[in-house]
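Undergrad: Below you'll find start-v3.cif; it's mmCIF, C-alpha atoms.
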data_entry
#
loop_
_atom_site.label_atom_id
_atom_site.label_comp_id
_atom_site.auth_asym_id
_atom_site.auth_seq_id
_atom_site.Cartn_x
_atom_site.Cartn_y
_atom_site.Cartn_z
CA MET A 1277 11.34 1.79 -9.73
CA MET A 1278 7.85 0.33 -10.01
CA GLN A 1279 5.08 2.88 -9.76
CA SER A 1280 2.72 2.83 -6.80
CA ASP A 1281 -0.84 3.96 -7.49
CA ASP A 1282 -0.06 7.30 -5.82
CA ALA A 1283 2.79 7.74 -8.30
CA VAL A 1284 0.34 7.09 -11.14
CA LEU A 1285 -1.86 9.98 -9.96
CA ALA A 1286 1.14 12.27 -9.53
CA GLU A 1287 2.28 11.46 -13.07
CA ALA A 1288 -1.23 12.12 -14.40
CA ALA A 1289 -1.28 15.50 -12.66
CA GLY A 1290 2.11 16.32 -14.16
CA TRP A 1291 0.97 15.43 -17.69
CA ARG A 1292 -2.19 17.53 -17.34
CA GLY A 1293 -0.21 20.40 -15.83
CA ALA A 1294 1.99 20.32 -18.93
CA GLY A 1295 -1.13 20.83 -21.05
CA ARG A 1296 -1.61 17.24 -22.26
CA GLY A 1297 -4.92 15.43 -22.56
CA VAL A 1298 -5.10 12.82 -19.79
CA ALA A 1299 -7.52 10.07 -18.77
CA LEU A 1300 -7.62 7.96 -15.62
CA ALA A 1301 -8.77 4.34 -15.62
CA THR A 1302 -9.64 2.75 -12.28
CA VAL A 1303 -10.56 -0.83 -11.36
CA VAL A 1304 -13.90 -0.35 -9.54
CA ALA A 1305 -14.97 -4.00 -9.17
CA THR A 1306 -13.61 -7.50 -9.73
CA TRP A 1307 -15.15 -10.98 -9.79
CA GLY A 1308 -13.24 -14.22 -9.56
CA SER A 1309 -9.49 -14.17 -9.95
CA SER A 1310 -8.10 -10.91 -11.23
CA PRO A 1311 -4.53 -9.73 -11.14
CA ARG A 1312 -5.02 -6.19 -9.83
CA PRO A 1313 -7.19 -5.21 -6.86
CA VAL A 1314 -10.02 -2.68 -6.77
CA GLY A 1315 -8.56 0.83 -6.76
CA SER A 1316 -5.69 0.02 -9.15
CA GLN A 1317 -5.17 2.79 -11.67
CA LEU A 1318 -3.83 3.41 -15.13
CA ALA A 1319 -3.15 6.95 -16.37
CA ILE A 1320 -3.23 7.53 -20.12
CA LYS A 1321 -1.80 10.47 -22.08
CA ASP A 1322 -3.29 11.71 -25.37
CA ASP A 1323 -0.36 10.24 -27.33
CA GLY A 1324 -1.12 6.76 -25.98
CA ALA A 1325 1.63 6.67 -23.34
CA PHE A 1326 0.45 5.11 -20.09
CA ILE A 1327 1.60 4.35 -16.56
CA GLY A 1328 0.26 1.98 -13.89
CA SER A 1329 -2.00 -1.02 -14.55
CA VAL A 1330 -5.55 -2.32 -14.32
CA SER A 1331 -4.68 -5.96 -15.11
CA GLY A 1332 -1.67 -8.13 -15.71
CA GLY A 1333 -1.31 -6.54 -19.13
CA CYS A 1334 -4.30 -8.34 -20.72
CA ILE A 1335 -6.64 -5.38 -21.18
CA GLU A 1336 -4.42 -2.30 -21.01
CA GLY A 1337 -4.36 -2.01 -24.81
CA ALA A 1338 -8.15 -1.85 -25.04
CA VAL A 1339 -8.42 0.51 -22.07
CA VAL A 1340 -5.90 2.87 -23.64
CA ARG A 1341 -7.94 2.92 -26.89
CA GLU A 1342 -11.11 3.74 -24.96
CA ALA A 1343 -9.24 6.33 -22.91
CA ILE A 1344 -8.19 8.19 -26.07
CA GLU A 1345 -11.91 8.40 -26.93
CA VAL A 1346 -12.69 9.68 -23.43
CA ILE A 1347 -9.98 12.33 -23.72
CA GLY A 1348 -11.67 13.39 -26.97
CA ASP A 1349 -15.30 13.66 -25.86
CA GLY A 1350 -15.00 13.99 -22.06
CA ARG A 1351 -17.73 11.41 -21.47
CA PRO A 1352 -16.79 8.92 -18.71
CA ARG A 1353 -17.22 5.23 -19.52
CA LEU A 1354 -17.68 2.10 -17.45
CA LEU A 1355 -16.03 -0.88 -19.18
CA GLU A 1356 -16.26 -4.56 -18.30
CA PHE A 1357 -13.78 -7.22 -19.30
CA GLY A 1358 -14.00 -10.94 -18.76
CA VAL A 1359 -13.58 -14.20 -20.59
CA THR A 1360 -17.32 -14.30 -21.29
CA ASN A 1361 -17.14 -10.95 -23.09
CA GLU A 1362 -14.98 -11.97 -25.99
CA GLN A 1363 -17.76 -11.13 -28.45
CA ALA A 1364 -18.07 -7.60 -27.16
CA TRP A 1365 -14.39 -6.85 -26.72
CA ASP A 1366 -11.36 -8.04 -28.60
CA VAL A 1367 -9.58 -8.77 -25.34
CA GLY A 1368 -10.33 -10.81 -22.27
CA LEU A 1369 -8.69 -11.97 -19.07
CA ALA A 1370 -6.79 -15.22 -19.35
CA CYS A 1371 -7.22 -15.76 -15.60
CA GLY A 1372 -10.97 -16.23 -15.99
CA GLY A 1373 -11.90 -13.27 -13.81
CA THR A 1374 -13.94 -10.20 -14.63
CA VAL A 1375 -12.99 -6.58 -14.01
CA ARG A 1376 -15.00 -3.40 -14.28
CA VAL A 1377 -12.96 -0.31 -15.18
CA PHE A 1378 -14.12 3.31 -14.94
CA VAL A 1379 -12.45 5.66 -17.41
CA GLU A 1380 -12.67 9.41 -16.93
CA ARG A 1381 -10.98 12.47 -18.36
CA LEU A 1382 -8.78 14.62 -16.15
CA ASP A 1383 -10.29 18.08 -16.63
CA MET B 418 -11.73 14.02 -12.34
CA ARG B 419 -11.04 17.70 -12.05
CA GLN B 420 -7.48 18.83 -11.55
CA ASP B 421 -8.25 20.71 -8.32
CA LEU B 422 -9.74 17.54 -6.79
CA LEU B 423 -6.72 15.51 -7.92
CA GLN B 424 -4.39 18.07 -6.33
CA ARG B 425 -6.33 17.75 -3.06
CA VAL B 426 -6.00 13.95 -3.21
CA LEU B 427 -2.26 14.24 -3.81
CA ALA B 428 -1.99 16.68 -0.90
CA ASP B 429 -3.84 14.20 1.35
CA VAL B 430 -1.52 11.40 0.25
CA ALA B 431 1.55 13.56 0.90
CA ALA B 432 0.21 14.55 4.35
CA LYS B 433 -0.69 10.89 5.10
CA ARG B 434 -4.31 12.02 5.66
CA PRO B 435 -6.88 9.26 4.96
CA ALA B 436 -9.40 10.26 2.29
CA VAL B 437 -12.03 8.75 -0.01
CA VAL B 438 -12.80 9.81 -3.57
CA VAL B 439 -16.49 9.10 -4.25
CA THR B 440 -17.39 8.73 -7.93
CA HIS B 441 -20.90 8.29 -9.35
CA LEU B 442 -20.23 5.66 -12.00
CA THR B 443 -23.00 6.75 -14.36
CA THR B 444 -22.81 10.54 -14.13
CA GLY B 445 -19.11 10.89 -13.29
CA ALA B 446 -19.96 13.28 -10.41
CA GLN B 447 -17.13 13.22 -7.89
CA ALA B 448 -16.26 14.41 -4.40
CA LEU B 449 -13.50 13.99 -1.84
CA VAL B 450 -14.56 12.87 1.64
CA HIS B 451 -12.47 12.87 4.84
CA GLY B 452 -12.86 10.97 8.09
CA ASP B 453 -14.45 13.96 9.80
CA GLY B 454 -17.29 13.85 7.24
CA GLY B 455 -16.14 16.94 5.36
CA ALA B 456 -16.76 16.73 1.59
CA GLN B 457 -15.50 18.79 -1.33
CA GLY B 458 -16.60 18.57 -4.93
CA ASP B 459 -19.91 17.71 -6.57
CA PRO B 460 -23.10 17.12 -4.53
CA LEU B 461 -23.33 13.49 -3.40
CA PRO B 462 -26.27 11.09 -2.99
CA ALA B 463 -27.56 10.90 0.58
CA ALA B 464 -26.01 7.47 1.23
CA ALA B 465 -22.56 8.49 0.04
CA LEU B 466 -21.10 10.01 3.20
CA ALA B 467 -21.85 7.06 5.48
CA ALA B 468 -20.66 4.60 2.82
CA ALA B 469 -17.44 6.55 2.39
CA ARG B 470 -16.77 6.52 6.11
CA GLU B 471 -17.39 2.76 6.24
CA ALA B 472 -14.97 2.17 3.38
CA LEU B 473 -12.42 4.36 5.14
CA ALA B 474 -12.79 2.42 8.40
CA ALA B 475 -12.45 -0.90 6.54
CA ASP B 476 -9.50 0.52 4.52
CA GLN B 477 -11.08 -0.99 1.41
CA SER B 478 -12.04 0.58 -1.90
CA ARG B 479 -15.38 -0.72 -3.22
CA THR B 480 -18.41 -0.11 -5.40
CA VAL B 481 -21.76 0.28 -3.60
CA ASP B 482 -25.20 0.40 -5.17
CA THR B 483 -27.47 3.20 -3.95
CA PRO B 484 -31.00 4.18 -4.99
CA GLU B 485 -29.35 7.01 -6.92
CA GLY B 486 -26.95 4.75 -8.80
CA PRO B 487 -23.63 2.96 -8.30
CA LEU B 488 -20.90 4.78 -6.37
CA PHE B 489 -17.23 3.90 -6.37
CA LEU B 490 -15.46 4.62 -3.09
CA HIS B 491 -11.73 4.92 -3.65
CA VAL B 492 -9.90 4.83 -0.32
CA PHE B 493 -6.53 6.55 -0.03
CA SER B 494 -4.89 5.40 3.20
CA PRO B 495 -1.43 6.28 4.48
CA PRO B 496 1.09 3.52 3.73
CA LEU B 497 1.69 0.74 6.25
CA ARG B 498 4.85 1.38 8.26
CA LEU B 499 7.80 -1.01 8.52
CA VAL B 500 10.36 -0.38 11.25
CA ILE B 501 13.72 -2.13 11.05
CA VAL B 502 15.89 -2.14 14.17
CA GLY B 503 19.47 -2.75 13.15
CA ALA B 504 21.07 -0.99 10.17
CA VAL B 505 22.86 -4.21 9.25
CA HIS B 506 23.53 -5.72 5.82
CA ILE B 507 20.16 -7.51 5.61
CA ALA B 508 18.44 -4.20 6.40
CA GLN B 509 19.75 -2.69 3.15
CA PRO B 510 17.90 -4.97 0.69
CA LEU B 511 14.95 -5.28 3.11
CA ALA B 512 14.47 -1.50 3.29
CA HIS B 513 14.59 -1.30 -0.50
CA MET B 514 12.21 -4.23 -1.13
CA ALA B 515 9.74 -3.11 1.54
CA ALA B 516 9.61 0.37 -0.02
CA LEU B 517 8.84 -1.28 -3.39
CA ALA B 518 6.02 -3.21 -1.70
CA GLY B 519 4.53 0.10 -0.56
CA TYR B 520 5.70 0.34 3.06
CA ALA B 521 6.92 3.55 4.67
CA VAL B 522 10.26 2.23 5.93
CA SER B 523 12.33 3.52 8.82
CA VAL B 524 15.60 2.11 10.12
CA VAL B 525 16.68 2.51 13.75
CA ASP B 526 20.23 1.93 14.98
CA PRO B 527 22.11 3.98 17.58
CA ARG B 528 25.41 2.74 16.12
CA ARG B 529 26.27 5.67 13.89
CA SER B 530 28.71 3.71 11.77
CA PHE B 531 25.84 1.43 10.70
CA ALA B 532 23.04 3.98 10.28
CA THR B 533 24.58 6.09 7.55
CA LYS B 534 22.96 7.80 4.57
CA ASP B 535 25.50 6.15 2.28
CA ARG B 536 24.35 2.71 3.39
CA PHE B 537 20.64 3.65 3.31
CA PRO B 538 20.08 6.28 0.60
CA GLY B 539 16.59 7.75 0.76
CA VAL B 540 15.56 5.80 3.88
CA ALA B 541 14.29 7.45 7.08
CA LEU B 542 17.15 6.79 9.52
CA SER B 543 17.19 7.22 13.28
CA THR B 544 20.16 6.90 15.64
CA GLU B 545 17.92 6.97 18.72
CA TRP B 546 18.07 4.06 21.14
CA PRO B 547 15.36 1.56 20.18
CA ASP B 548 13.18 2.30 23.24
CA GLU B 549 13.20 6.03 22.46
CA ALA B 550 12.58 5.42 18.77
CA MET B 551 9.71 3.06 19.48
CA ALA B 552 8.10 5.55 21.88
CA ARG B 553 8.22 8.16 19.11
CA ILE B 554 7.07 5.83 16.33
CA ALA B 555 4.22 4.38 18.45
CA PRO B 556 3.57 1.20 16.40
CA ASP B 557 -0.10 0.48 15.68
CA ALA B 558 -2.16 -2.12 13.80
CA ARG B 559 -0.72 -0.79 10.52
CA THR B 560 2.92 -1.24 11.62
CA VAL B 561 5.56 -3.95 11.16
CA VAL B 562 8.51 -4.18 13.58
CA ILE B 563 11.56 -6.30 12.68
CA THR B 564 14.74 -6.57 14.75
CA LEU B 565 17.94 -7.56 13.00
CA THR B 566 20.81 -6.69 15.37
CA HIS B 567 21.20 -10.00 17.31
CA ASP B 568 22.22 -7.73 20.20
CA PRO B 569 19.87 -8.05 23.20
CA LYS B 570 20.68 -4.49 24.27
CA LEU B 571 19.14 -3.23 21.03
CA ASP B 572 16.66 -5.95 20.02
CA ASP B 573 14.99 -6.62 23.38
CA PRO B 574 13.75 -3.07 24.14
CA ALA B 575 12.36 -2.81 20.61
CA LEU B 576 10.61 -6.18 20.88
CA ALA B 577 9.20 -5.31 24.31
CA ALA B 578 7.78 -2.05 22.92
CA ALA B 579 6.39 -3.88 19.88
CA LEU B 580 4.71 -6.48 22.12
CA ARG B 581 3.04 -3.69 24.12
CA SER B 582 1.74 -2.21 20.86
CA GLY B 583 -0.78 -3.39 18.28
CA ALA B 584 1.91 -4.00 15.63
CA PHE B 585 0.46 -6.52 13.15
CA TYR B 586 3.79 -8.22 12.52
CA ILE B 587 6.76 -8.61 14.84
CA GLY B 588 9.87 -10.47 13.70
CA ALA B 589 13.31 -11.09 15.16
CA LEU B 590 16.39 -12.34 13.33
CA GLY B 591 18.38 -15.07 15.06
CA SER B 592 18.79 -18.82 15.21
CA ARG B 593 16.36 -21.05 17.10
CA GLN B 594 18.82 -21.08 20.01
CA THR B 595 19.19 -17.31 20.01
CA HIS B 596 15.42 -16.97 19.80
CA ALA B 597 14.85 -19.38 22.69
CA ARG B 598 17.16 -17.32 24.90
CA ARG B 599 15.44 -14.15 23.73
CA LEU B 600 12.05 -15.53 24.71
CA GLU B 601 13.43 -16.41 28.16
CA ARG B 602 14.66 -12.85 28.68
CA LEU B 603 11.37 -11.32 27.50
CA GLY B 604 9.45 -13.81 29.62
CA ALA B 605 11.42 -12.61 32.62
CA LEU B 606 10.14 -9.11 31.84
CA GLY B 607 6.62 -10.40 32.41
CA PHE B 608 5.41 -11.22 28.89
CA ALA B 609 3.15 -14.25 28.73
CA THR B 610 3.72 -17.13 26.31
CA THR B 611 0.76 -15.97 24.20
CA ASP B 612 2.35 -12.50 23.90
CA LEU B 613 5.70 -13.98 22.94
CA ALA B 614 4.02 -16.13 20.28
CA ARG B 615 3.42 -12.91 18.33
CA ILE B 616 7.14 -12.75 17.56
CA HIS B 617 8.11 -14.47 14.32
CA GLY B 618 11.45 -16.01 15.20
CA PRO B 619 13.58 -17.03 13.46
CA VAL B 620 12.14 -14.31 11.22
CA GLY B 621 10.98 -15.05 7.68
CA LEU B 622 9.60 -17.97 5.71
CA ASP B 623 11.79 -21.06 5.64
CA ILE B 624 12.93 -20.99 1.99
CA GLY B 625 16.57 -21.80 2.59
CA ALA B 626 17.59 -18.16 2.17
CA VAL B 627 21.34 -17.53 2.52
CA SER B 628 22.36 -14.12 1.17
CA PRO B 629 21.13 -10.85 2.72
CA ALA B 630 18.84 -10.22 -0.27
CA GLU B 631 17.40 -13.74 -0.05
CA ILE B 632 16.79 -13.36 3.67
CA ALA B 633 15.06 -10.03 2.95
CA VAL B 634 12.81 -11.87 0.46
CA SER B 635 11.91 -14.48 3.07
CA ILE B 636 11.11 -11.77 5.64
CA LEU B 637 9.02 -9.68 3.27
CA ALA B 638 7.22 -12.81 2.08
CA GLN B 639 6.22 -13.62 5.66
CA VAL B 640 5.12 -10.03 6.32
CA THR B 641 3.05 -10.20 3.13
CA GLU B 642 1.44 -13.48 4.19
CA ARG B 643 0.57 -12.04 7.59
CA ARG B 644 -0.87 -8.91 5.99
CA ARG B 645 -2.94 -10.64 3.33
CA ARG B 646 -4.00 -13.81 5.13
CA GLY B 647 -4.14 -12.58 8.72
CA ALA B 648 -2.92 -14.32 11.84
CA PRO B 649 -2.43 -18.09 11.61
CA ALA B 650 -5.35 -20.05 13.11
#
As structure tokens, how would this structure be written, given the file I've shared?
TA:
Amino acid sequence: MMQSDDAVLAEAAGWRGAGRGVALATVVATWGSSPRPVGSQLAIKDDGAFIGSVSGGCIEGAVVREAIEVIGDGRPRLLEFGVTNEQAWDVGLACGGTVRVFVERLD
Amino acid sequence: MRQDLLQRVLADVAAKRPAVVVTHLTTGAQALVHGDGGAQGDPLPAAALAAAREALAADQSRTVDTPEGPLFLHVFSPPLRLVIVGAVHIAQPLAHMAALAGYAVSVVDPRRSFATKDRFPGVALSTEWPDEAMARIAPDARTVVITLTHDPKLDDPALAAALRSGAFYIGALGSRQTHARRLERLGALGFATTDLARIHGPVGLDIGAVSPAEIAVSILAQVTERRRRGAPA
């Protein structure tokens, strides 16, 4: 079954409870058309496994890479993705929107 | 986020208790705020509590800028409820699809041969009469009520209760003829034409649906439209 955002949090709690490094990524703002609304979440495990979504699949790869860094150093990051950002990031949103994603470690 | 805070959020979700997680987007400081103004976690900027309560009332997660930096307000609201009266064939795919779309689904049918666990695995089932069930469920502005029985004895009391409530979507299965007769009966109970116009009948978007699953798609599509776009002008 598809995961609701509550299920994403429950899965993250389960991973952390099992002793894994876990990060949470949350859509905190969007501009223009974007596939997932504010509040959408992606949970990332230290081995790169993830559940949930913060886009239609366009930026999850980059968010997971950043999340692995966050799991390592514990420093939260605020990321922004949009078509205008292609120089800064190797991914963008095909839909033309912009999303801001907060990534934090589950401590 | 700290694990203890996450556990509290999950407990709120399980208890269907509205809550807001407030996160300072530059420092990562975080706290959980409830409707009564209670807060647990890190100290929050002065503006945070009022902003959290506003986000809770609007049922909308958002980022707000404060003199002390940007705050993200993540609202966790109980799921919308979807009540199906009539444990008929169409109710089976509809209950499943509505649960996928995030609704807390319950199915009401006093006919025990219809409302069985085998037919509706994992669904909240009630064999109360619809008027009793509706009194208990008390539909509100976060509730959908759909009648599927075609039987006036079962559908009409449920529709009457839904019309007296703030339910944001009311739908009734049945042909145009059946629906016209239904509106006559409900009109005789004293409901005005403007009240009766709240009932979507025949229920669902007109997409030529034939099979029970297709009809469930058309119903859920209309519920979605009503939820996301509001009442038609």
Undergrad: Could you please select, counting all atoms listed in the file, the residues of chain B within 9 Å of chain A and state them as a PDB file with C-alpha atoms, in the coordinates of the input?
TA:
ATOM      1  CA  MET B 418     -11.730  14.020 -12.340  1.00  0.00           C
ATOM      2  CA  ARG B 419     -11.040  17.700 -12.050  1.00  0.00           C
ATOM      3  CA  GLN B 420      -7.480  18.830 -11.550  1.00  0.00           C
ATOM      4  CA  ASP B 421      -8.250  20.710  -8.320  1.00  0.00           C
ATOM      5  CA  LEU B 423      -6.720  15.510  -7.920  1.00  0.00           C
ATOM      6  CA  GLN B 424      -4.390  18.070  -6.330  1.00  0.00           C
ATOM      7  CA  VAL B 426      -6.000  13.950  -3.210  1.00  0.00           C
ATOM      8  CA  LEU B 427      -2.260  14.240  -3.810  1.00  0.00           C
ATOM      9  CA  VAL B 430      -1.520  11.400   0.250  1.00  0.00           C
ATOM     10  CA  LEU B 442     -20.230   5.660 -12.000  1.00  0.00           C
ATOM     11  CA  THR B 443     -23.000   6.750 -14.360  1.00  0.00           C
ATOM     12  CA  THR B 444     -22.810  10.540 -14.130  1.00  0.00           C
ATOM     13  CA  GLY B 445     -19.110  10.890 -13.290  1.00  0.00           C
ATOM     14  CA  GLN B 477     -11.080  -0.990   1.410  1.00  0.00           C
ATOM     15  CA  SER B 478     -12.040   0.580  -1.900  1.00  0.00           C
ATOM     16  CA  ARG B 479     -15.380  -0.720  -3.220  1.00  0.00           C
ATOM     17  CA  THR B 480     -18.410  -0.110  -5.400  1.00  0.00           C
ATOM     18  CA  PHE B 489     -17.230   3.900  -6.370  1.00  0.00           C
ATOM     19  CA  LEU B 490     -15.460   4.620  -3.090  1.00  0.00           C
ATOM     20  CA  HIS B 491     -11.730   4.920  -3.650  1.00  0.00           C
ATOM     21  CA  VAL B 492      -9.900   4.830  -0.320  1.00  0.00           C
ATOM     22  CA  PHE B 493      -6.530   6.550  -0.030  1.00  0.00           C
ATOM     23  CA  LEU B 517       8.840  -1.280  -3.390  1.00  0.00           C
ATOM     24  CA  ALA B 518       6.020  -3.210  -1.700  1.00  0.00           C
ATOM     25  CA  GLY B 519       4.530   0.100  -0.560  1.00  0.00           C
TER      26      GLY B 519
END
Undergrad: Name the residues within 8 Å of (2.4, 2.1, 10.9), counting all atoms listed in the file in the file's coordinates, and put them as a ChimeraX atom specification.
TA: /B:496-499,521,556-561,584
Undergrad: For a test of reading the model, state the distance in Å between CA of Ser582 in chain B and CA of Ile616 in chain B, rounded to one decimal.
TA: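 Interatomic distance here is 12.3 Å.
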Undergrad: Could you jot down the CA of Ala550 in chain B to CA of Val525 in chain B separation for me, Å, one decimal place?
TA: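 According to the coordinates, CA of Ala550 in chain B and CA of Val525 in chain B are separated by 7.1 Å.
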Undergrad: Rounded to one decimal place, report the CA of His567 in chain B-CA of Ile507 in chain B distance in Å.
TA: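 That distance, rounded to one decimal, is 12.0 Å.
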Undergrad: If you apply the PyMOL selection byres ((chain B and resi 566) around 7) to this file, what residues do you get, as a PyMOL selection string?
TA: chain B and resi 502-503+505+564-565+567-568+571-572
Undergrad: Would you translate the PyMOL selection byres ((chain A and resi 1307) around 10) into the concrete set of residues it matches in this file, as a VMD selection string?
TA: chain A and resid 1305 to 1306 1308 to 1310 1358 1372 to 1376
Undergrad: For the structure provided, state which residues fall under the PyMOL selection byres ((chain B and resi 575-577) around 9), and present them as number ranges by chain.
TA: B: 502, 546-548, 550-551, 562-564, 571-574, 578-582, 587-589, 603, 606, 608, 616
Undergrad: With all atoms listed in the file as the basis for distance, which of B:Gln509, B:His441, B:Val627, B:Pro569 is at the shortest distance from Arg602 in chain B?
TA: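 The answer is B:Pro569, which sits nearest to Arg602 in chain B.
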Undergrad: Assuming the input is short of atoms at range 508-520 of chain B, produce N, CA, C and O atoms for that part as a PDB file, keeping the file's coordinate frame.
TA:
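Below is the file part28.pdb, written as the result:
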ATOM      1  N   ALA B 508      19.363  -5.333   6.393  1.00  0.00           N
ATOM      2  CA  ALA B 508      18.440  -4.200   6.400  1.00  0.00           C
ATOM      3  C   ALA B 508      18.485  -3.426   5.092  1.00  0.00           C
ATOM      4  O   ALA B 508      17.492  -2.808   4.701  1.00  0.00           O
ATOM      5  N   GLN B 509      19.632  -3.462   4.403  1.00  0.00           N
ATOM      6  CA  GLN B 509      19.750  -2.690   3.150  1.00  0.00           C
ATOM      7  C   GLN B 509      18.807  -3.216   2.069  1.00  0.00           C
ATOM      8  O   GLN B 509      17.963  -2.458   1.589  1.00  0.00           O
ATOM      9  N   PRO B 510      18.886  -4.502   1.679  1.00  0.00           N
ATOM     10  CA  PRO B 510      17.900  -4.970   0.690  1.00  0.00           C
ATOM     11  C   PRO B 510      16.473  -4.971   1.247  1.00  0.00           C
ATOM     12  O   PRO B 510      15.524  -4.715   0.498  1.00  0.00           O
ATOM     13  N   LEU B 511      16.311  -5.241   2.556  1.00  0.00           N
ATOM     14  CA  LEU B 511      14.950  -5.280   3.110  1.00  0.00           C
ATOM     15  C   LEU B 511      14.284  -3.908   3.032  1.00  0.00           C
ATOM     16  O   LEU B 511      13.104  -3.803   2.673  1.00  0.00           O
ATOM     17  N   ALA B 512      15.035  -2.854   3.351  1.00  0.00           N
ATOM     18  CA  ALA B 512      14.470  -1.500   3.290  1.00  0.00           C
ATOM     19  C   ALA B 512      14.042  -1.181   1.856  1.00  0.00           C
ATOM     20  O   ALA B 512      12.963  -0.630   1.615  1.00  0.00           O
ATOM     21  N   HIS B 513      14.876  -1.577   0.906  1.00  0.00           N
ATOM     22  CA  HIS B 513      14.590  -1.300  -0.500  1.00  0.00           C
ATOM     23  C   HIS B 513      13.359  -2.078  -0.968  1.00  0.00           C
ATOM     24  O   HIS B 513      12.435  -1.525  -1.573  1.00  0.00           O
ATOM     25  N   MET B 514      13.330  -3.381  -0.672  1.00  0.00           N
ATOM     26  CA  MET B 514      12.210  -4.230  -1.130  1.00  0.00           C
ATOM     27  C   MET B 514      10.904  -3.821  -0.461  1.00  0.00           C
ATOM     28  O   MET B 514       9.848  -3.811  -1.096  1.00  0.00           O
ATOM     29  N   ALA B 515      10.964  -3.482   0.827  1.00  0.00           N
ATOM     30  CA  ALA B 515       9.740  -3.110   1.540  1.00  0.00           C
ATOM     31  C   ALA B 515       9.177  -1.802   0.979  1.00  0.00           C
ATOM     32  O   ALA B 515       7.962  -1.635   0.863  1.00  0.00           O
ATOM     33  N   ALA B 516      10.073  -0.881   0.598  1.00  0.00           N
ATOM     34  CA  ALA B 516       9.610   0.370  -0.020  1.00  0.00           C
ATOM     35  C   ALA B 516       8.912   0.067  -1.341  1.00  0.00           C
ATOM     36  O   ALA B 516       7.864   0.639  -1.652  1.00  0.00           O
ATOM     37  N   LEU B 517       9.471  -0.878  -2.122  1.00  0.00           N
ATOM     38  CA  LEU B 517       8.840  -1.280  -3.390  1.00  0.00           C
ATOM     39  C   LEU B 517       7.455  -1.864  -3.138  1.00  0.00           C
ATOM     40  O   LEU B 517       6.544  -1.684  -3.938  1.00  0.00           O
ATOM     41  N   ALA B 518       7.303  -2.587  -2.024  1.00  0.00           N
ATOM     42  CA  ALA B 518       6.020  -3.210  -1.700  1.00  0.00           C
ATOM     43  C   ALA B 518       5.048  -2.210  -1.089  1.00  0.00           C
ATOM     44  O   ALA B 518       3.939  -2.572  -0.706  1.00  0.00           O
ATOM     45  N   GLY B 519       5.462  -0.947  -0.974  1.00  0.00           N
ATOM     46  CA  GLY B 519       4.530   0.100  -0.560  1.00  0.00           C
ATOM     47  C   GLY B 519       4.622   0.522   0.899  1.00  0.00           C
ATOM     48  O   GLY B 519       3.818   1.331   1.357  1.00  0.00           O
ATOM     49  N   TYR B 520       5.575  -0.021   1.643  1.00  0.00           N
ATOM     50  CA  TYR B 520       5.700   0.340   3.060  1.00  0.00           C
ATOM     51  C   TYR B 520       6.494   1.642   3.224  1.00  0.00           C
ATOM     52  O   TYR B 520       7.419   1.915   2.459  1.00  0.00           O
TER      53      TYR B 520
END
